[in-house]
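Only one structure is covered here, and it is reproduced in the block below.
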Protein chains: 2
Amino acid sequence: MELRIDRGAPRPIYQQISQFYRTRILQGALPPGFLLPPERTLARSLGVNRTTVMNAYAELKADRLVRGRVGHGTRVLPTSRDLPPRPREIAPLRWSDLARPSDAARDQELHDLLALSESRDTILLSLGFPAPELIPRQLLDDAVATVLRDRGPGAYFYGPAEGVTSFREALGDLMSARGVVCGADEILVTSGSQQALDLLARALIEPGDTVVVEEPTYLGALHVFRTARARLVTVPVDADGLSVDHLEHVLTRCQPKFVYTLPTYQNPSGALMSPRRRAQLLALAYRFGIPIVEDDIYGDLWYDQAPPPSLRALDRHGYVIYTSSFSKILAPGLRVGWISGPRAIVRRLVQVKQAADLQASTLSQMIVEQLLRSGGYARHAAAVRSRYAARRDAMESALRKRARGWAEWNRPGGGFYFWCRVTAPVPIGVLTAAAAQRDVSILPGAACLAEESADAHIRLSFSFAGVEEIAEGIAHLTAAVRHASGRVRPSERQPVATRPLI
Amino acid sequence: MELRIDRGAPRPIYQQISQFYRTRILQGALPPGFLLPPERTLARSLGVNRTTVMNAYAELKADRLVRGRVGHGTRVLPTSRDLPPRPREIAPLRWSDLARPSDAARDQELHDLLALSESRDTILLSLGFPAPELIPRQLLDDAVATVLRDRGPGAYFYGPAEGVTSFREALGDLMSARGVVCGADEILVTSGSQQALDLLARALIEPGDTVVVEEPTYLGALHVFRTARARLVTVPVDADGLSVDHLEHVLTRCQPKFVYTLPTYQNPSGALMSPRRRAQLLALAYRFGIPIVEDDIYGDLWYDQAPPPSLRALDRHGYVIYTSSFSKILAPGLRVGWISGPRAIVRRLVQVKQAADLQASTLSQMIVEQLLRSGGYARHAAAVRSRYAARRDAMESALRKRARGWAEWNRPGGGFYFWCRVTAPVPIGVLTAAAAQRDVSILPGAACLAEESADAHIRLSFSFAGVEEIAEGIAHLTAAVRHASGRVRPSERQPVATRPLI
């Protein structure tokens with residue numbers, strides 16, 4: 001056994017020394033009572049400063065592996081426990097004690113909602129699933145055939161962690177069409193935009209860091225930021241998007257790691273951030289030196305007129321990281337999303353991606369690339385816009401016809417959602433259960449809120465159900481409201497302590 | 001504005017109160033100097049204990065949002081900074097300061113190695129890539145066609161986070177064939193086995209937790225565990241696998257979160273853990289109450305005789321989590337791996353998976369399922385075994401012919417690697433560079449070591465290059481050793497301070 005110092009290694013020399021002894025003590029090569037070399041001697045023999053050795057020994061002492069006494073040298077301590085006796089009966093492992101703590105209740109809720117995708121009887125107004133019948137099956141099948149013919153076995157092989165190079169070039173062209181000058185090295189391909197958010201959280205958030213989110217916001221983002229143990233600070237959203245006045249106040253009080261925003265057809269509120277707000281938001285970011293994470297997953301899903309340029313397109317100073325995905329328009333099952341951002345942070349995100357899962361599916365990337373290059377994506381996006389517009393209109397007219405007495409809402413100009421405030425005296429939990437009994441699934445608004453006070457909103461998605469199903473769903477939901485209102489005992493009418501305080 | 005307490009929410013009531021006030025103060029709704037309600041009054045009006053309100057106010061004080069003085073009540077403090085002036089010039093964001101610290105040097109190294117997969121001139125002996133020509137293109141193309149025909153648009157759609165149900169059932173059958181009784185609910189489909197390790201790290205490791213790894217071990221696992229900020233404790237590997245004697249010593253000194261092992265054709269050492277060692281390892285796990293993570297990615301790649309049963313097959317008490325993948329035998333670009341483990345931890349891992357990227361590619365899962373059900377996977381595995389055995393033999397005979405003077409190695413019974421100790425007086429960094437000049441890429445052994453002392457190993461992979469290329473590669477490598485040995489100045493012969501200490 002010999003101690004070899006590597007002066008070129010990333011780890012400091014004192015840690016190489018402590019690591020060497022730690023390993024040998026832990027493995028039993030240096031038994032209890034063994035005398036380590038005197039600091040001076042070891043320093044001389046390694047050709048290092050004595051302080052370096054002192055720091056190494058200090059680490060071992062802190063780990064209770066050795067004890068040093070003046071005049072007695074540094075000796076290995078006895079083991080902290082004896083070998084336990086062979087157990088008569090082997091106890092099962094308590095995995096729940098071993099796992100890190102989590103918001104298990106919330107996690108389970110989201111999981112159960114996603115599991116619904118396998119059931120067929122329910123009118124699904126809860127989730128932001130695209131319509132299965134609007135997935136361009138023939139277009140995709142043809143793209144698969146072309147990829148398998150032209151890209152050969154490469155479609156089944158490893159590629160670069162940041163994504164297939166030719167696909168990133170095609171994404172660069174897509175970004176150009178969206179007004180963003182963006183080279184392939186400013187793009188990272190992700191396994192859907194959920195992973196884009198997760199990689200950002202892992203690259204940027206230390207536990208306890210503050211992240212500003214819109215209230216309400218995308219529930220999957222809350223999930224990711226909570227998992228990263230961020231402290232969430234909220235800023236309200238109105239019809240023009242994130243309230244910059246509120247954000248300005250927040251920024252005078254705290255220094256968030258970034259602001260997460262969905263400026264375009266916000267999930268769940270449907271709000272479209274006005275051009276003026278976009279400019280104001282960027283000005284605040286520049287002034288306070290705060291990055292912006294722009295989630296543009298609904299940007300191509302506009303129904304009345306095209307939205308204003310994205311924050312990333314307006315940003316001239318490299319403050320905006322942009323995420324999007326092909327899940328809503330092409331095929332969620334392919335799991336292809338992307339991040340476009342300043343080169344410095346993309347490079348870092350590539351490293352995080354590589355440790356997470358090496359790379360996104362090569363086959364999936366090449367299928368989407370084929371549809372970008374053939375123009376199939378653009379044509380299909382235009383086609384689905386009119387189909388989803390019809391669903392949006394169907395939900396609006398069903399709500400007008402049936403829900404005026406029990407809800408308030410805004411007509412969204414794009415995206416997938418109506419964000420409804422329930423004015424009837426029914427707790428949302430009761431309403432959700434009553435709706436489920438009538439085979440309608442809705443999303444309680446609280447799932448979209450960072451603040452856990454009781455809330456009277458529900459999110460209704462018009463993307464998955466067809467036009468007739470939407471009308472039927474709203475009718476059943478209205479029946480559920482009536483039934484639940486009638487059954488609510490007066491004491492339950494106010495589900496929570498509600499008192500005007502300010 | 002009203003404060004609404006939700007008694008059913010996961011967050012404690014005092015935090016709901018502090019959160020309510022924090023948000024309003026941060027957003028500027030409660031200006032500096034604003035007097036919060038007296039604790040007693042607020043407690044009464046909310047119907048909660050006064051201590052609850054006191055705890056809430058204490059949090060706000062700790063955040064420097066309010067100040068409380070006896071007799072003066074609790075008041076909102078002034079903002080911590082004024083609005084900065086509009087900058088004349090907007091500074092670019094310093095992303096590298098914003099990102100979490102990382103082992104960037106190591107990350108970059110791994111990334112550069114993977115990027116090599118796009119270059120064509122190099123004889124690649126460094127990476128554990130399967131041979132592109134052994135990827136069963138026709139089999140896969142046929143499976144794709146069958147999936148698109150039979151599973152319709154479902155192949156493009158979302159599925160459950162834990163993986164497509166029918167695919168998990170097929171994986172259960174595969175596990176049964178491997179001696180593991182395993183229901184679909186004990187399986188989680190991952191985006192390759194790299195993600196399996198990452199999910200395990202995220203579910204189990206708190207920063208500072210100890211993880212036991214073999215020395216040497218899989219470099220991607222080191223990457224994941226370091227990213228999770230685990231403290232790595234090593235146990236050596238000999239020809240019979242992980243040294244259980246050393247492990248026993250370690251376990252009397254510390255309580256690791258788990259032991260990570262590749263018992264079958266270990267990467268990089270090629271070691272096959274003997275049946276006796278497997279039993280001893282499990283006995284230690286039971287005795288000390290330590291979980292085992294078994295990485296079985298090479299289990300189907302045996303060249304002389306089938307390996308002994310996996311640890312998971314031998315484990316009767318739910319201590320072993322098993323990971324594997326289809327990347328080495330079928331197609332790495334599909335990104336399909338899986339975890340099989342006790343229900344309790346799989347359930348938790350599903351939640352982590354969902355926050356990470358919702359689910360693995362549905363299309364990829366169905367393609368692999370089709371090949372499991374048709375028997376195509378089993379037939380192809382048998383076919384590639386003989387092809388890789390020929391490459392293993394080619395590398396061994398090339399080493400015998402050329403490398404006896406400069407290296408020592410063991411013949412591996414399976415897997416992809418020779419782990420060679422370089423006996424010539426050449427620093428590995430110099431050798432790697434000299435080999436690269438001759439268009440041969442090798443992996444410095446230090447990449448596989450948790451301990452960062454200088455090391456004299458290289459890992460040679462025989463999976464990617466063909467039989468003739470392997471012979472040519474070893475010839476070039478030998479020339480590189482000769483050339484580098486001749487050029488090494490005496491002062492460089494010992495690249496590092498090397499002194500016998502014990």
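All residue names refer to the structure tokens as shown: chains lettered A, B, ... in order, residues numbered from 1 in each chain, ligands numbered from 1 in order.
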Write out as a PyMOL selection string which residues come within 9 Å of Asn410 of chain B when counting only C-alpha atoms, dropping same-chain ones fewer than 2 positions away.
chain B and resi 239+269-271+396+408+412+418-420
Within 12 Å of Val147 of chain A, counting only C-alpha atoms, which residues show up once you throw out same-chain ones fewer than 3 positions away? Write them as a list in words, please.
Leu140, Asp141, Asp142, Ala143, Val144, Asp150, Arg151, Gly152, Pro153, Gly154, Ala155, Tyr156, Thr362, Leu363, Ser364, Gln365, Met366, Ile367, Val368, Glu369, Gln370, Leu371, Arg373 and Ser374 of chain A; Asp141 and Val144 of chain B
Next, write the just-selected residues to a file, as a short mmCIF file (atom, residue, chain, number, x, y, z; two decimals), in the first residue's frame, keeping N, CA, C and O atoms as the atom set.
data_model
loop_
_atom_site.label_atom_id
_atom_site.label_comp_id
_atom_site.auth_asym_id
_atom_site.auth_seq_id
_atom_site.Cartn_x
_atom_site.Cartn_y
_atom_site.Cartn_z
N LEU A 140 -46.61 10.61 -38.45
CA LEU A 140 -45.57 10.03 -37.59
C LEU A 140 -45.09 8.70 -38.15
O LEU A 140 -43.89 8.44 -38.20
N ASP A 141 -46.05 7.85 -38.57
CA ASP A 141 -45.66 6.55 -39.14
C ASP A 141 -44.73 6.76 -40.35
O ASP A 141 -43.72 6.08 -40.50
N ASP A 142 -45.09 7.74 -41.19
CA ASP A 142 -44.25 8.02 -42.36
C ASP A 142 -42.87 8.52 -41.93
O ASP A 142 -41.86 8.14 -42.53
N ALA A 143 -42.85 9.36 -40.92
CA ALA A 143 -41.56 9.88 -40.45
C ALA A 143 -40.70 8.74 -39.90
O ALA A 143 -39.49 8.68 -40.15
N VAL A 144 -41.34 7.82 -39.16
CA VAL A 144 -40.60 6.66 -38.65
C VAL A 144 -39.99 5.88 -39.81
O VAL A 144 -38.80 5.55 -39.81
N ASP A 150 -33.46 6.10 -43.89
CA ASP A 150 -32.36 7.01 -44.21
C ASP A 150 -31.27 7.08 -43.14
O ASP A 150 -30.12 7.35 -43.44
N ARG A 151 -31.63 6.87 -41.89
CA ARG A 151 -30.64 7.08 -40.83
C ARG A 151 -30.10 5.75 -40.33
O ARG A 151 -29.29 5.71 -39.41
N GLY A 152 -30.63 4.68 -40.88
CA GLY A 152 -30.07 3.36 -40.66
C GLY A 152 -29.99 3.01 -39.19
O GLY A 152 -30.85 3.44 -38.39
N PRO A 153 -29.00 2.20 -38.80
CA PRO A 153 -28.92 1.76 -37.41
C PRO A 153 -28.61 2.92 -36.46
O PRO A 153 -28.77 2.79 -35.26
N GLY A 154 -28.17 4.07 -37.03
CA GLY A 154 -27.86 5.23 -36.18
C GLY A 154 -29.05 5.65 -35.34
O GLY A 154 -28.89 6.20 -34.24
N ALA A 155 -30.26 5.39 -35.82
CA ALA A 155 -31.45 5.77 -35.07
C ALA A 155 -31.60 4.98 -33.79
O ALA A 155 -32.32 5.37 -32.87
N TYR A 156 -30.91 3.83 -33.72
CA TYR A 156 -31.00 2.98 -32.52
C TYR A 156 -29.78 3.17 -31.61
O TYR A 156 -29.69 2.51 -30.57
N THR A 362 -32.72 8.54 -29.21
CA THR A 362 -32.24 8.93 -30.54
C THR A 362 -33.36 8.80 -31.57
O THR A 362 -33.57 9.69 -32.41
N LEU A 363 -34.07 7.69 -31.52
CA LEU A 363 -35.16 7.45 -32.48
C LEU A 363 -36.19 8.57 -32.39
O LEU A 363 -36.59 9.15 -33.41
N SER A 364 -36.62 8.91 -31.17
CA SER A 364 -37.60 9.98 -31.00
C SER A 364 -37.08 11.29 -31.59
O SER A 364 -37.81 12.02 -32.27
N GLN A 365 -35.82 11.61 -31.33
CA GLN A 365 -35.27 12.87 -31.84
C GLN A 365 -35.31 12.90 -33.36
O GLN A 365 -35.66 13.91 -33.97
N MET A 366 -34.94 11.78 -33.97
CA MET A 366 -34.87 11.76 -35.44
C MET A 366 -36.27 11.83 -36.06
O MET A 366 -36.45 12.41 -37.13
N ILE A 367 -37.26 11.23 -35.39
CA ILE A 367 -38.65 11.31 -35.88
C ILE A 367 -39.09 12.77 -35.90
O ILE A 367 -39.63 13.27 -36.89
N VAL A 368 -38.85 13.48 -34.80
CA VAL A 368 -39.28 14.88 -34.75
C VAL A 368 -38.48 15.71 -35.75
O VAL A 368 -39.03 16.58 -36.45
N GLU A 369 -37.17 15.44 -35.87
CA GLU A 369 -36.36 16.18 -36.84
C GLU A 369 -36.95 16.04 -38.24
O GLU A 369 -37.07 17.02 -38.99
N GLN A 370 -37.33 14.82 -38.58
CA GLN A 370 -37.89 14.55 -39.90
C GLN A 370 -39.14 15.41 -40.13
O GLN A 370 -39.32 15.99 -41.21
N LEU A 371 -39.97 15.54 -39.07
CA LEU A 371 -41.21 16.31 -39.23
C LEU A 371 -40.94 17.81 -39.26
O LEU A 371 -41.72 18.57 -39.84
N ARG A 373 -38.14 19.08 -40.68
CA ARG A 373 -37.53 19.33 -41.99
C ARG A 373 -38.53 19.20 -43.14
O ARG A 373 -38.45 19.91 -44.13
N SER A 374 -39.49 18.27 -42.99
CA SER A 374 -40.44 18.04 -44.08
C SER A 374 -41.55 19.09 -44.08
O SER A 374 -42.35 19.13 -45.02
N ASP B 141 -36.60 -2.99 -36.75
CA ASP B 141 -37.51 -2.41 -37.75
C ASP B 141 -38.83 -3.18 -37.78
O ASP B 141 -39.91 -2.59 -37.84
N VAL B 144 -40.84 -2.32 -34.72
CA VAL B 144 -41.46 -1.00 -34.88
C VAL B 144 -42.72 -1.13 -35.72
O VAL B 144 -43.80 -0.63 -35.34
#
Report, in Å with one decimal, the straight-line distance from atom CA of Phe464 of chain A to atom CA of Ala435 of chain A.
16.9 Å
Show me, as a list in words, the residues that have an atom within 10 Å of Val66 of chain B when counting only C-alpha atoms, minus same-chain residues fewer than 6 positions from it.
Tyr21, Arg22, Ile25, Pro32, Gly33, Phe34, Leu35, Leu36, Tyr57, Ala58, Glu59, Leu60, Thr74, Arg75, Val76, Leu77 and Pro78 of chain B
Any chance you could export the current selection's N, CA and C atoms as a PDB file, in the first residue's frame?
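And here's again28.pdb as it stands now:
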ATOM      1  N   TYR B  21     -48.687  35.866   5.185  1.00  0.00           N
ATOM      2  CA  TYR B  21     -48.139  37.198   5.438  1.00  0.00           C
ATOM      3  C   TYR B  21     -46.862  37.440   4.641  1.00  0.00           C
ATOM      4  N   ARG B  22     -46.031  36.393   4.506  1.00  0.00           N
ATOM      5  CA  ARG B  22     -44.785  36.566   3.748  1.00  0.00           C
ATOM      6  C   ARG B  22     -45.097  37.049   2.335  1.00  0.00           C
ATOM      7  N   ILE B  25     -46.311  40.650   2.257  1.00  0.00           N
ATOM      8  CA  ILE B  25     -45.233  41.612   2.529  1.00  0.00           C
ATOM      9  C   ILE B  25     -44.304  41.690   1.325  1.00  0.00           C
ATOM     10  N   PRO B  32     -44.124  48.646   4.556  1.00  0.00           N
ATOM     11  CA  PRO B  32     -43.300  48.815   5.749  1.00  0.00           C
ATOM     12  C   PRO B  32     -44.051  49.622   6.803  1.00  0.00           C
ATOM     13  N   GLY B  33     -43.971  49.182   8.053  1.00  0.00           N
ATOM     14  CA  GLY B  33     -44.650  49.868   9.139  1.00  0.00           C
ATOM     15  C   GLY B  33     -46.029  49.295   9.433  1.00  0.00           C
ATOM     16  N   PHE B  34     -46.584  48.509   8.526  1.00  0.00           N
ATOM     17  CA  PHE B  34     -47.909  47.928   8.719  1.00  0.00           C
ATOM     18  C   PHE B  34     -47.923  47.063   9.981  1.00  0.00           C
ATOM     19  N   LEU B  35     -48.987  47.238  10.765  1.00  0.00           N
ATOM     20  CA  LEU B  35     -49.096  46.519  12.036  1.00  0.00           C
ATOM     21  C   LEU B  35     -49.865  45.206  11.827  1.00  0.00           C
ATOM     22  N   LEU B  36     -49.221  44.076  12.094  1.00  0.00           N
ATOM     23  CA  LEU B  36     -49.919  42.790  12.001  1.00  0.00           C
ATOM     24  C   LEU B  36     -50.896  42.644  13.166  1.00  0.00           C
ATOM     25  N   TYR B  57     -45.372  34.014  13.380  1.00  0.00           N
ATOM     26  CA  TYR B  57     -44.697  35.317  13.456  1.00  0.00           C
ATOM     27  C   TYR B  57     -43.187  35.141  13.642  1.00  0.00           C
ATOM     28  N   ALA B  58     -42.795  34.091  14.384  1.00  0.00           N
ATOM     29  CA  ALA B  58     -41.362  33.840  14.578  1.00  0.00           C
ATOM     30  C   ALA B  58     -40.671  33.596  13.246  1.00  0.00           C
ATOM     31  N   GLU B  59     -41.334  32.854  12.352  1.00  0.00           N
ATOM     32  CA  GLU B  59     -40.763  32.623  11.016  1.00  0.00           C
ATOM     33  C   GLU B  59     -40.571  33.942  10.265  1.00  0.00           C
ATOM     34  N   LEU B  60     -41.570  34.806  10.354  1.00  0.00           N
ATOM     35  CA  LEU B  60     -41.480  36.085   9.631  1.00  0.00           C
ATOM     36  C   LEU B  60     -40.354  36.937  10.199  1.00  0.00           C
ATOM     37  N   THR B  74     -46.366  43.818  16.231  1.00  0.00           N
ATOM     38  CA  THR B  74     -45.497  43.247  15.192  1.00  0.00           C
ATOM     39  C   THR B  74     -45.685  44.050  13.910  1.00  0.00           C
ATOM     40  N   ARG B  75     -44.583  44.670  13.436  1.00  0.00           N
ATOM     41  CA  ARG B  75     -44.696  45.562  12.278  1.00  0.00           C
ATOM     42  C   ARG B  75     -43.835  45.094  11.118  1.00  0.00           C
ATOM     43  N   VAL B  76     -44.302  45.375   9.910  1.00  0.00           N
ATOM     44  CA  VAL B  76     -43.536  45.058   8.701  1.00  0.00           C
ATOM     45  C   VAL B  76     -42.296  45.955   8.650  1.00  0.00           C
ATOM     46  N   LEU B  77     -41.142  45.347   8.396  1.00  0.00           N
ATOM     47  CA  LEU B  77     -39.875  46.081   8.318  1.00  0.00           C
ATOM     48  C   LEU B  77     -39.739  46.759   6.947  1.00  0.00           C
ATOM     49  N   PRO B  78     -38.864  47.763   6.850  1.00  0.00           N
ATOM     50  CA  PRO B  78     -38.594  48.371   5.539  1.00  0.00           C
ATOM     51  C   PRO B  78     -37.988  47.348   4.588  1.00  0.00           C
TER      52      PRO B  78
END
For segment 95-97 of chain B, list every protein, DNA or RNA residue within 9 Å, evaluated using only C-alpha atoms, and leave out those in the same chain fewer than 3 positions away; present the list as a VMD selection string.
(chain A and resid 291 342 344 to 345 348) or (chain B and resid 92 100 to 101)
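Comparing the minimum interatomic distances between chain A and each of B:Val467, B:Val180, B:Leu200, B:Leu124, counting only C-alpha atoms, we find that B:Leu200 sits nearest.
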Here atom CA of Asp304 of chain A and atom CA of Gly405 of chain A stand apart by 27.1 Å
So that I can check the surroundings of segment 203-216 of chain A, please list as an MDAnalysis selection string every protein, DNA and RNA residue that reaches within 8 Å of it, counting only C-alpha atoms and ignoring chain neighbours fewer than 2 positions away.
(chainID A and resid 199:201 218 225 228:237 242 254:261 267:269 348:349 352 448:450) or (chainID B and resid 98:100)
Gln351 of chain B proximity check over B:Tyr417, B:Pro160, B:Asp300, B:Val384, using only C-alpha atoms: winner is B:Pro160
Spatial neighbours of Gly341 of chain A, 9 Å, only C-alpha atoms, chain gap at least 2 places, as a ChimeraX atom specification:
/A:182,186-188,312,318-323,339,343-346
A:Leu262, A:Gly337, A:Ile290, A:Leu174: which is nearest Val250 of chain A, counting only C-alpha atoms?
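When distances to Val250 of chain A are compared using only C-alpha atoms, the smallest one comes from A:Ile290.
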Return as a ChimeraX atom specification the full set of residues in segment 181-341 of chain A whose backbone-based DSSP assignment is helix (DSSP H, G or I).
/A:184-186,192-204,219-227,244-253,275-288,311-314,332-334
